[in-house]
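For reference, the structure is listed below as structure tokens.
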Amino acid sequence: GIPDEMAVPLPTTKSFPSVRYRNEETRKRVLITGGAGFVGSHLVDKLMLDGHEIIALDNYFTGRKKNIEHWIGHPNFEMVHHDVVNPYFVEVDQIYHLASPASPPHYMYNPVKTIKTNTLGTINMLGLAKRVKATVLLASTSEVYGDPEVHPQPETYWGHVNTIGPRACYDEGKRVAESLMVAYNKQENVKIRIARIFNTFGPRMHMNDGRVVSNFIIQALQDKPITIYGNGTQTRSFQYVTDLVDGLIALMNSNYSLPVNIGNPEEHTIGEFATIIRDLVPGSTSEIVNQESQQDDPQQRRPDIRRAAEQIQWRPQVLMKDGLLKTIEYFRAEIDRNKRGGKP
Ligand code: NAD
Ligand code: UDP
């Protein structure tokens with residue numbers, strides 16, 4: 001038998017957040033690839049609470065079980081450890097295809113794998129959608145616009161991407177993923193949705209994500225220098241994760257097949273953003289420093305969201321400051337938890 005000191009007591013009951021009751025007619029079976037990631041796990045929460053059956057698929061490259069562990073054991077929820085580069089078969093009504101590293105250090109870590117995930121992974125999900133007649137939504141990105149010469153960016157802009165630069169594995173991967181979606185729609189009648197997601201932040205971003213929001217918040221909380229890459233005049237527009245999730249669900253349930261920008265048009269320079277975040281962390285003594293600029297870093301980015309308003313009646317609701325305060329609280333708790341060796 002197992003020695004007493006090694007035996008871990010198994011919980012006999014687990015309490016779940018209460019979910020809406022739905023009958024067979026309105027309850028959907030939904031596959032979410034990348035479901036253990038930052039955005040995916042928030043999408044899992046919203047669709048679970050709304051009473052749907054969810055299969056979250058993830059290879060745990062950047063995602064974590066912790067993000068969805070509160071649903072493990074729930075009869076409507078299933079977690080599948082799988083890599084989308086390999087085919088996967090399941091009966092579902094809808095597929096939210098989010099599996100892909102998203103932060104620059106993560107997608108540059110293994111560029112070949114990033115391209116495989118976005119091409120082969122998307123083909124596999126489209127093949128599945130074709131077979132089971134599911135609707136598939138692609139989490140595309142504002143990076144398809146590259147370093148844009150048109151500002152703000154409407155969906156009709158074709159973009160300005162360097163095919164051989166360090167970001168190409170991600171940008172071109174997503175561009176071909178969009179082309180695959182359209183080809184399967186035209187040729188095989190697969191029902192498609194394409195969300196061009198702009199910079200998004202919120203709780204459950206990975207601590208080592210490397211994106212600007214998590215970096216600046218963690219630096220401000222730890223009184224370390226806030227690192228601006230380049231002179232800080234480049235701009236971004238940030239949306240809070242719950243707004244994005246609402247937009248993805250609205251798009252999925254519309255009947256609109258062309259790409260739709262999902263983002264918050266409130267634009268700031270990265271220099272301003274450093275000050276905004278430091279000011280929201282009371283007592284932070286972080287200095288703001290400039291580091292070397294990053295190759296091919298887009299110099300300006302702001303979504304034109306008129307199409308989302310017209311076609312799916314969506315617009316962001318959360319003020320950047322409110323979202324930032326929630327995210328700061330999340331990272332404060334994560335840093336404390338890490339200090340205790342990961343214990344809750
Ligand atoms: P994330 O890294 O937290 O989540 C991505 C998830 O996909 C992770 O759980 C990861 O483990 C999983 N994954 C990666 N490769 C996989 C593979 N081969 N097989 C199975 N699972 C795999 O990132 P996120 O911010 O939640 O991004 C989700 C999606 O949204 C991505 O497709 C990303 O390109 C897109 N997007 C995000 C943003 C943003 O600002 N967060 C902006 C534009 C687009
Ligand atoms: N950035 C920065 N300091 C950091 C991380 C990022 O100045 O510690 C800058 C980065 O160069 C870019 C912007 O912030 O101009 C947004 O970067 P992020 O990686 O969050 O997303 P991107 O929009 O570039 O994919």
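Numbering starts fresh at 1 for the residues of each chain in the structure tokens, the chains themselves are lettered A, B, ... in the order given, and ligands are numbered from 1 as they appear.
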Taking only C-alpha atoms and all ligand atoms into account, which residues have an atom no farther than 7 Å from ligand 1? I'd like them as JSON, numbers by chain. {"A": [33, 34, 35, 36, 37, 38, 39, 40, 57, 58, 59, 60, 61, 62, 63, 64, 82, 83, 84, 85, 98, 99, 100, 101, 102, 103, 117, 121, 139, 140, 141, 142, 196, 197, 198, 199, 200, 201, 205, 206]}
Go ahead and save the residues from that selection, with C-alpha atoms, as an mmCIF file, in the first residue's frame.
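File produced: result.cif:
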data_model
loop_
_atom_site.group_PDB
_atom_site.id
_atom_site.type_symbol
_atom_site.label_atom_id
_atom_site.label_comp_id
_atom_site.auth_asym_id
_atom_site.auth_seq_id
_atom_site.Cartn_x
_atom_site.Cartn_y
_atom_site.Cartn_z
ATOM 1 C CA THR A 33 -8.638 24.781 -29.053
ATOM 2 C CA GLY A 34 -6.139 26.607 -26.848
ATOM 3 C CA GLY A 35 -8.790 26.303 -24.111
ATOM 4 C CA ALA A 36 -6.267 26.298 -21.242
ATOM 5 C CA GLY A 37 -4.685 29.559 -22.404
ATOM 6 C CA PHE A 38 -5.358 33.145 -21.405
ATOM 7 C CA VAL A 39 -8.232 33.978 -23.785
ATOM 8 C CA GLY A 40 -9.406 30.366 -24.164
ATOM 9 C CA LEU A 57 -8.169 21.068 -26.178
ATOM 10 C CA ASP A 58 -4.608 22.168 -25.412
ATOM 11 C CA ASN A 59 -1.005 20.954 -25.624
ATOM 12 C CA TYR A 60 -0.028 23.110 -22.590
ATOM 13 C CA PHE A 61 2.709 24.958 -24.462
ATOM 14 C CA THR A 62 1.687 28.249 -22.866
ATOM 15 C CA GLY A 63 -1.641 27.227 -21.349
ATOM 16 C CA ARG A 64 -2.072 25.830 -17.832
ATOM 17 C CA HIS A 82 -3.762 17.147 -27.685
ATOM 18 C CA ASP A 83 -1.682 19.004 -30.247
ATOM 19 C CA VAL A 84 -3.710 20.542 -33.117
ATOM 20 C CA VAL A 85 -0.910 19.738 -35.546
ATOM 21 C CA LEU A 98 -7.494 29.628 -30.608
ATOM 22 C CA ALA A 99 -4.549 27.223 -30.380
ATOM 23 C CA SER A 100 -1.376 29.167 -31.212
ATOM 24 C CA PRO A 101 1.317 30.843 -29.180
ATOM 25 C CA ALA A 102 0.394 34.524 -29.059
ATOM 26 C CA SER A 103 3.137 36.544 -27.407
ATOM 27 C CA THR A 117 0.320 25.084 -35.574
ATOM 28 C CA GLY A 121 -3.662 23.001 -37.024
ATOM 29 C CA ALA A 139 -8.654 33.653 -33.688
ATOM 30 C CA SER A 140 -6.735 35.745 -36.210
ATOM 31 C CA THR A 141 -4.826 38.857 -35.281
ATOM 32 C CA SER A 142 -4.139 42.510 -35.977
ATOM 33 C CA ARG A 196 -8.938 39.816 -36.088
ATOM 34 C CA ILE A 197 -8.033 40.269 -32.457
ATOM 35 C CA PHE A 198 -6.153 43.373 -31.292
ATOM 36 C CA ASN A 199 -3.941 43.519 -28.167
ATOM 37 C CA THR A 200 -5.841 42.016 -25.243
ATOM 38 C CA PHE A 201 -4.981 41.862 -21.553
ATOM 39 C CA MET A 205 -1.919 36.148 -18.813
ATOM 40 C CA HIS A 206 1.181 34.057 -18.285
#
Could you pull the residues within 9 Å of Thr26 of chain A, counting only C-alpha atoms, minus those fewer than 3 positions along the same chain, as a compact mmCIF listing (two decimals) with all heavy atoms, in the first residue's frame?
# COMPACT_ATOMS: atom_id res chain seq x y z
N ARG A 22 -29.93 24.29 -19.85
CA ARG A 22 -30.40 24.37 -21.23
C ARG A 22 -30.92 23.01 -21.65
O ARG A 22 -30.37 21.99 -21.25
CB ARG A 22 -29.25 24.73 -22.18
CG ARG A 22 -28.87 26.19 -22.12
CD ARG A 22 -27.73 26.45 -23.08
NE ARG A 22 -27.42 27.86 -23.13
CZ ARG A 22 -28.01 28.73 -23.95
NH1 ARG A 22 -28.95 28.34 -24.79
NH2 ARG A 22 -27.66 30.00 -23.93
N ASN A 23 -31.96 23.00 -22.49
CA ASN A 23 -32.42 21.72 -23.04
C ASN A 23 -31.60 21.37 -24.27
O ASN A 23 -30.79 22.17 -24.74
CB ASN A 23 -33.92 21.77 -23.35
CG ASN A 23 -34.26 22.87 -24.35
OD1 ASN A 23 -33.40 23.26 -25.14
ND2 ASN A 23 -35.48 23.36 -24.31
N HIS A 52 -23.50 25.52 -21.92
CA HIS A 52 -23.11 24.69 -23.06
C HIS A 52 -22.16 23.57 -22.61
O HIS A 52 -21.65 23.58 -21.50
CB HIS A 52 -22.45 25.56 -24.14
CG HIS A 52 -23.41 26.58 -24.68
ND1 HIS A 52 -24.48 26.24 -25.47
CD2 HIS A 52 -23.48 27.92 -24.51
CE1 HIS A 52 -25.16 27.34 -25.78
NE2 HIS A 52 -24.57 28.37 -25.20
What are the closest atom pairs, with distances in Å to one decimal, for each residue of chain A lying within 8 Å of ligand 2, using only C-alpha atoms and all ligand atoms, rows by chain and rising residue number, as CSV?
residue,atom,partner,partner_atom_place_in_ligand_line,distance
A:Ala102,CA,ligand 2,25 (O),7.7
A:Ser103,CA,ligand 2,19 (O),5.8
A:Pro104,CA,ligand 2,19 (O),5.5
A:Pro105,CA,ligand 2,19 (O),7.8
A:Glu143,CA,ligand 2,25 (O),7.1
A:Phe198,CA,ligand 2,23 (O),7.8
A:Asn199,CA,ligand 2,23 (O),5.9
A:Gly210,CA,ligand 2,5 (C),6.0
A:Arg211,CA,ligand 2,20 (O),3.4
A:Val212,CA,ligand 2,5 (C),3.6
A:Val213,CA,ligand 2,20 (O),6.2
A:Asn215,CA,ligand 2,8 (O),5.0
A:Phe216,CA,ligand 2,8 (O),6.2
A:Ile226,CA,ligand 2,8 (O),7.1
A:Thr227,CA,ligand 2,8 (O),4.9
A:Ile228,CA,ligand 2,7 (O),3.4
A:Tyr229,CA,ligand 2,7 (O),3.8
A:Gly230,CA,ligand 2,7 (O),6.8
A:Gly232,CA,ligand 2,7 (O),6.4
A:Gln234,CA,ligand 2,15 (O),5.6
A:Thr235,CA,ligand 2,15 (O),6.8
A:Arg236,CA,ligand 2,16 (C),6.5
A:Ile270,CA,ligand 2,14 (O),5.8
A:Gly271,CA,ligand 2,7 (O),7.7
A:Asn290,CA,ligand 2,7 (O),7.9
A:Gln291,CA,ligand 2,7 (O),7.9
A:Ser293,CA,ligand 2,11 (O),6.5
A:Gln294,CA,ligand 2,11 (O),5.8
A:Asp297,CA,ligand 2,15 (O),5.6
A:Pro298,CA,ligand 2,15 (O),6.5
A:Gln299,CA,ligand 2,15 (O),6.9
Save out the residues we just selected, C-alpha atoms, as a PDB file, in the first residue's frame.
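So part01.pdb came out as:
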ATOM      1  CA  ALA A 102       0.394  34.524 -29.059  1.00  0.00           C
ATOM      2  CA  SER A 103       3.137  36.544 -27.407  1.00  0.00           C
ATOM      3  CA  PRO A 104       6.216  37.452 -29.471  1.00  0.00           C
ATOM      4  CA  PRO A 105       8.774  35.593 -27.284  1.00  0.00           C
ATOM      5  CA  GLU A 143      -0.644  41.261 -36.911  1.00  0.00           C
ATOM      6  CA  PHE A 198      -6.153  43.373 -31.292  1.00  0.00           C
ATOM      7  CA  ASN A 199      -3.941  43.519 -28.167  1.00  0.00           C
ATOM      8  CA  GLY A 210       6.615  38.826 -22.300  1.00  0.00           C
ATOM      9  CA  ARG A 211       3.839  41.042 -23.638  1.00  0.00           C
ATOM     10  CA  VAL A 212       3.858  44.659 -22.656  1.00  0.00           C
ATOM     11  CA  VAL A 213       0.949  44.669 -20.187  1.00  0.00           C
ATOM     12  CA  ASN A 215       5.806  42.960 -18.252  1.00  0.00           C
ATOM     13  CA  PHE A 216       4.998  46.510 -17.121  1.00  0.00           C
ATOM     14  CA  ILE A 226       9.904  49.355 -16.611  1.00  0.00           C
ATOM     15  CA  THR A 227      11.428  48.384 -19.950  1.00  0.00           C
ATOM     16  CA  ILE A 228      10.318  50.326 -23.017  1.00  0.00           C
ATOM     17  CA  TYR A 229      11.619  48.793 -26.258  1.00  0.00           C
ATOM     18  CA  GLY A 230      12.789  51.650 -28.454  1.00  0.00           C
ATOM     19  CA  GLY A 232       8.237  54.395 -26.758  1.00  0.00           C
ATOM     20  CA  GLN A 234       4.987  53.227 -31.011  1.00  0.00           C
ATOM     21  CA  THR A 235       1.299  52.898 -30.211  1.00  0.00           C
ATOM     22  CA  ARG A 236      -1.083  50.090 -29.266  1.00  0.00           C
ATOM     23  CA  ILE A 270       3.999  52.631 -25.119  1.00  0.00           C
ATOM     24  CA  GLY A 271       5.743  55.513 -23.290  1.00  0.00           C
ATOM     25  CA  ASN A 290      14.496  52.600 -22.774  1.00  0.00           C
ATOM     26  CA  GLN A 291      15.989  49.469 -24.287  1.00  0.00           C
ATOM     27  CA  SER A 293      13.953  48.569 -30.224  1.00  0.00           C
ATOM     28  CA  GLN A 294      12.639  45.300 -31.615  1.00  0.00           C
ATOM     29  CA  ASP A 297       7.920  46.287 -34.319  1.00  0.00           C
ATOM     30  CA  PRO A 298       4.679  47.788 -35.697  1.00  0.00           C
ATOM     31  CA  GLN A 299       4.802  51.543 -35.092  1.00  0.00           C
TER      32      GLN A 299
END
Contact residues around Tyr157 of chain A with only C-alpha atoms at 10 Å, ignoring same-chain residues under 4 positions, as a ChimeraX atom specification: /A:144-145,148-153
Could the residues in this selection be saved with N, CA, C and O atoms as a short mmCIF file (atom, residue, chain, number, x, y, z; two decimals), in the first residue's frame?
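Now in part-v4.cif:
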data_model
loop_
_atom_site.label_atom_id
_atom_site.label_comp_id
_atom_site.auth_asym_id
_atom_site.auth_seq_id
_atom_site.Cartn_x
_atom_site.Cartn_y
_atom_site.Cartn_z
N VAL A 144 -1.94 40.58 -38.90
CA VAL A 144 -2.06 40.41 -40.35
C VAL A 144 -1.87 41.75 -41.07
O VAL A 144 -1.59 41.78 -42.26
N TYR A 145 -2.04 42.86 -40.33
CA TYR A 145 -1.80 44.19 -40.92
C TYR A 145 -0.32 44.57 -40.86
O TYR A 145 0.07 45.60 -41.42
N PRO A 148 1.48 48.79 -40.11
CA PRO A 148 0.50 49.31 -41.06
C PRO A 148 0.79 50.73 -41.56
O PRO A 148 1.23 51.59 -40.81
N GLU A 149 0.52 50.93 -42.84
CA GLU A 149 0.63 52.28 -43.43
C GLU A 149 -0.73 52.98 -43.45
O GLU A 149 -0.84 54.10 -43.92
N VAL A 150 -1.76 52.29 -43.01
CA VAL A 150 -3.11 52.87 -42.95
C VAL A 150 -3.51 52.89 -41.48
O VAL A 150 -3.32 51.91 -40.76
N HIS A 151 -4.06 54.01 -41.03
CA HIS A 151 -4.33 54.16 -39.60
C HIS A 151 -5.62 54.93 -39.38
O HIS A 151 -5.80 55.97 -39.98
N PRO A 152 -6.57 54.45 -38.56
CA PRO A 152 -6.62 53.11 -37.96
C PRO A 152 -6.83 52.04 -39.03
O PRO A 152 -7.05 52.38 -40.19
N GLN A 153 -6.77 50.77 -38.64
CA GLN A 153 -6.83 49.69 -39.62
C GLN A 153 -8.25 49.15 -39.80
O GLN A 153 -8.81 48.59 -38.87
#
Per residue of segment 34-133 of chain A within 9 Å of segment 246-265 of chain A, which atom pair is closest and at what distance in Å (one decimal), using only C-alpha atoms, listed by chain and increasing number, as a Markdown table?
| residue | atom | partner | partner_atom | distance |
| --- | --- | --- | --- | --- |
| A:Leu43 | CA | A:Ile249 | CA | 8.4 |
| A:Lys46 | CA | A:Asp246 | CA | 8.6 |
| A:Leu47 | CA | A:Ile249 | CA | 8.6 |
| A:Gln94 | CA | A:Met252 | CA | 8.1 |
| A:Tyr96 | CA | A:Met252 | CA | 8.3 |
DSSP-assigned strand (DSSP E or B) members of segment 173-260 of chain A, reported as a list in words: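 Everything in segment 173-260 of chain A that counts as strand (DSSP E or B) is Lys191, Ile192, Arg193, Ile194, Ala195, Arg196, Ile197, Thr200, Phe201, Ile226, Thr227, Ile228, Tyr229, Thr235, Arg236, Ser237, Gln239, Tyr240, Pro259 and Val260 of chain A.
We find atom CA of His160 of chain A and atom CA of Ala274 of chain A to be spaced 26.9 Å apart.
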From the set A:Gly51, A:Pro225, A:Pro303, A:Pro203, which residue has the shortest atom-to-atom contact distance to Leu324 of chain A, counting only C-alpha atoms?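 Between A:Gly51, A:Pro225, A:Pro303, A:Pro203, the residue approaching Leu324 of chain A most closely is A:Pro203.
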Best match for closeness to Ala195 of chain A among A:Leu319, A:Leu126, A:Ile312, A:Val289, counting only C-alpha atoms: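 Checking each candidate against Ala195 of chain A, we get A:Ile312 as the closest.
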Just want the 7 Å neighbourhood of Leu31 of chain A, counted on only C-alpha atoms, with same-chain residues fewer than 5 positions away dropped. Output as JSON, numbers by chain. {"A": [54, 55, 56, 92, 94, 95, 96]}
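Separating atom CA of Glu78 of chain A from atom CA of Ala129 of chain A is a distance of 18.9 Å.
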Selected residue, from A:Lys321, A:Lys339, A:His97, A:Lys113, that lies nearest to Leu128 of chain A when counting only C-alpha atoms: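 Selected residue with least distance to Leu128 of chain A: A:His97.
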Counting only C-alpha atoms, which of A:Val44, A:Glu25, A:Thr156, A:Asn231 gets nearest to Glu292 of chain A?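 Once distances to Glu292 of chain A are computed over only C-alpha atoms, the minimum belongs to A:Asn231.
In terms of minimum interatomic distance to Tyr330 of chain A, A:Arg204 ranks closest within A:His42, A:Lys186, A:Arg204, A:Arg278, counting only C-alpha atoms.
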In segment 75-158 of chain A, what's alpha helix (DSSP H) per DSSP? Answer as a PyMOL selection string? chain A and resi 104-109+111-132
What separates atom CA of Arg193 of chain A and atom CA of Ile68 of chain A is a distance of 24.7 Å
Of the listed residues A:Pro154, A:Gly173, A:Pro316, A:Gly283, that which approaches Tyr107 of chain A most closely, counting only C-alpha atoms: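 With only C-alpha atoms as the atom set, the closest residue is A:Gly173.
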What lies within 10 Å of Ser15 of chain A using only C-alpha atoms, ignoring chain neighbours under 4 positions off, as a PyMOL selection string? chain A and resi 70-71+73-74
Selection to disk with all heavy atoms, as a PDB file, in the first residue's frame:
ATOM      1  N   HIS A  70     -11.119  24.817 -12.186  1.00  0.00           N
ATOM      2  CA  HIS A  70     -12.392  24.940 -11.469  1.00  0.00           C
ATOM      3  C   HIS A  70     -13.537  24.225 -12.185  1.00  0.00           C
ATOM      4  O   HIS A  70     -14.613  24.070 -11.631  1.00  0.00           O
ATOM      5  CB  HIS A  70     -12.729  26.417 -11.230  1.00  0.00           C
ATOM      6  CG  HIS A  70     -12.524  27.300 -12.427  1.00  0.00           C
ATOM      7  ND1 HIS A  70     -11.267  27.657 -12.869  1.00  0.00           N
ATOM      8  CD2 HIS A  70     -13.399  27.861 -13.296  1.00  0.00           C
ATOM      9  CE1 HIS A  70     -11.379  28.415 -13.949  1.00  0.00           C
ATOM     10  NE2 HIS A  70     -12.663  28.546 -14.238  1.00  0.00           N
ATOM     11  N   TRP A  71     -13.320  23.798 -13.444  1.00  0.00           N
ATOM     12  CA  TRP A  71     -14.372  23.064 -14.168  1.00  0.00           C
ATOM     13  C   TRP A  71     -14.089  21.572 -14.257  1.00  0.00           C
ATOM     14  O   TRP A  71     -14.959  20.801 -14.690  1.00  0.00           O
ATOM     15  CB  TRP A  71     -14.522  23.613 -15.597  1.00  0.00           C
ATOM     16  CG  TRP A  71     -14.996  25.018 -15.662  1.00  0.00           C
ATOM     17  CD1 TRP A  71     -14.323  26.095 -16.140  1.00  0.00           C
ATOM     18  CD2 TRP A  71     -16.281  25.524 -15.235  1.00  0.00           C
ATOM     19  NE1 TRP A  71     -15.079  27.239 -16.038  1.00  0.00           N
ATOM     20  CE2 TRP A  71     -16.287  26.913 -15.487  1.00  0.00           C
ATOM     21  CE3 TRP A  71     -17.411  24.933 -14.652  1.00  0.00           C
ATOM     22  CZ2 TRP A  71     -17.381  27.721 -15.189  1.00  0.00           C
ATOM     23  CZ3 TRP A  71     -18.511  25.746 -14.355  1.00  0.00           C
ATOM     24  CH2 TRP A  71     -18.481  27.115 -14.618  1.00  0.00           C
ATOM     25  N   GLY A  73     -14.097  17.899 -13.780  1.00  0.00           N
ATOM     26  CA  GLY A  73     -15.059  17.063 -13.059  1.00  0.00           C
ATOM     27  C   GLY A  73     -16.503  17.473 -13.320  1.00  0.00           C
ATOM     28  O   GLY A  73     -17.422  16.711 -13.029  1.00  0.00           O
ATOM     29  N   HIS A  74     -16.739  18.658 -13.854  1.00  0.00           N
ATOM     30  CA  HIS A  74     -18.112  19.077 -14.168  1.00  0.00           C
ATOM     31  C   HIS A  74     -18.625  18.242 -15.347  1.00  0.00           C
ATOM     32  O   HIS A  74     -17.892  18.049 -16.329  1.00  0.00           O
ATOM     33  CB  HIS A  74     -18.139  20.564 -14.517  1.00  0.00           C
ATOM     34  CG  HIS A  74     -19.524  21.117 -14.579  1.00  0.00           C
ATOM     35  ND1 HIS A  74     -20.385  20.837 -15.608  1.00  0.00           N
ATOM     36  CD2 HIS A  74     -20.214  21.918 -13.713  1.00  0.00           C
ATOM     37  CE1 HIS A  74     -21.543  21.449 -15.377  1.00  0.00           C
ATOM     38  NE2 HIS A  74     -21.454  22.116 -14.236  1.00  0.00           N
TER      39      HIS A  74
END
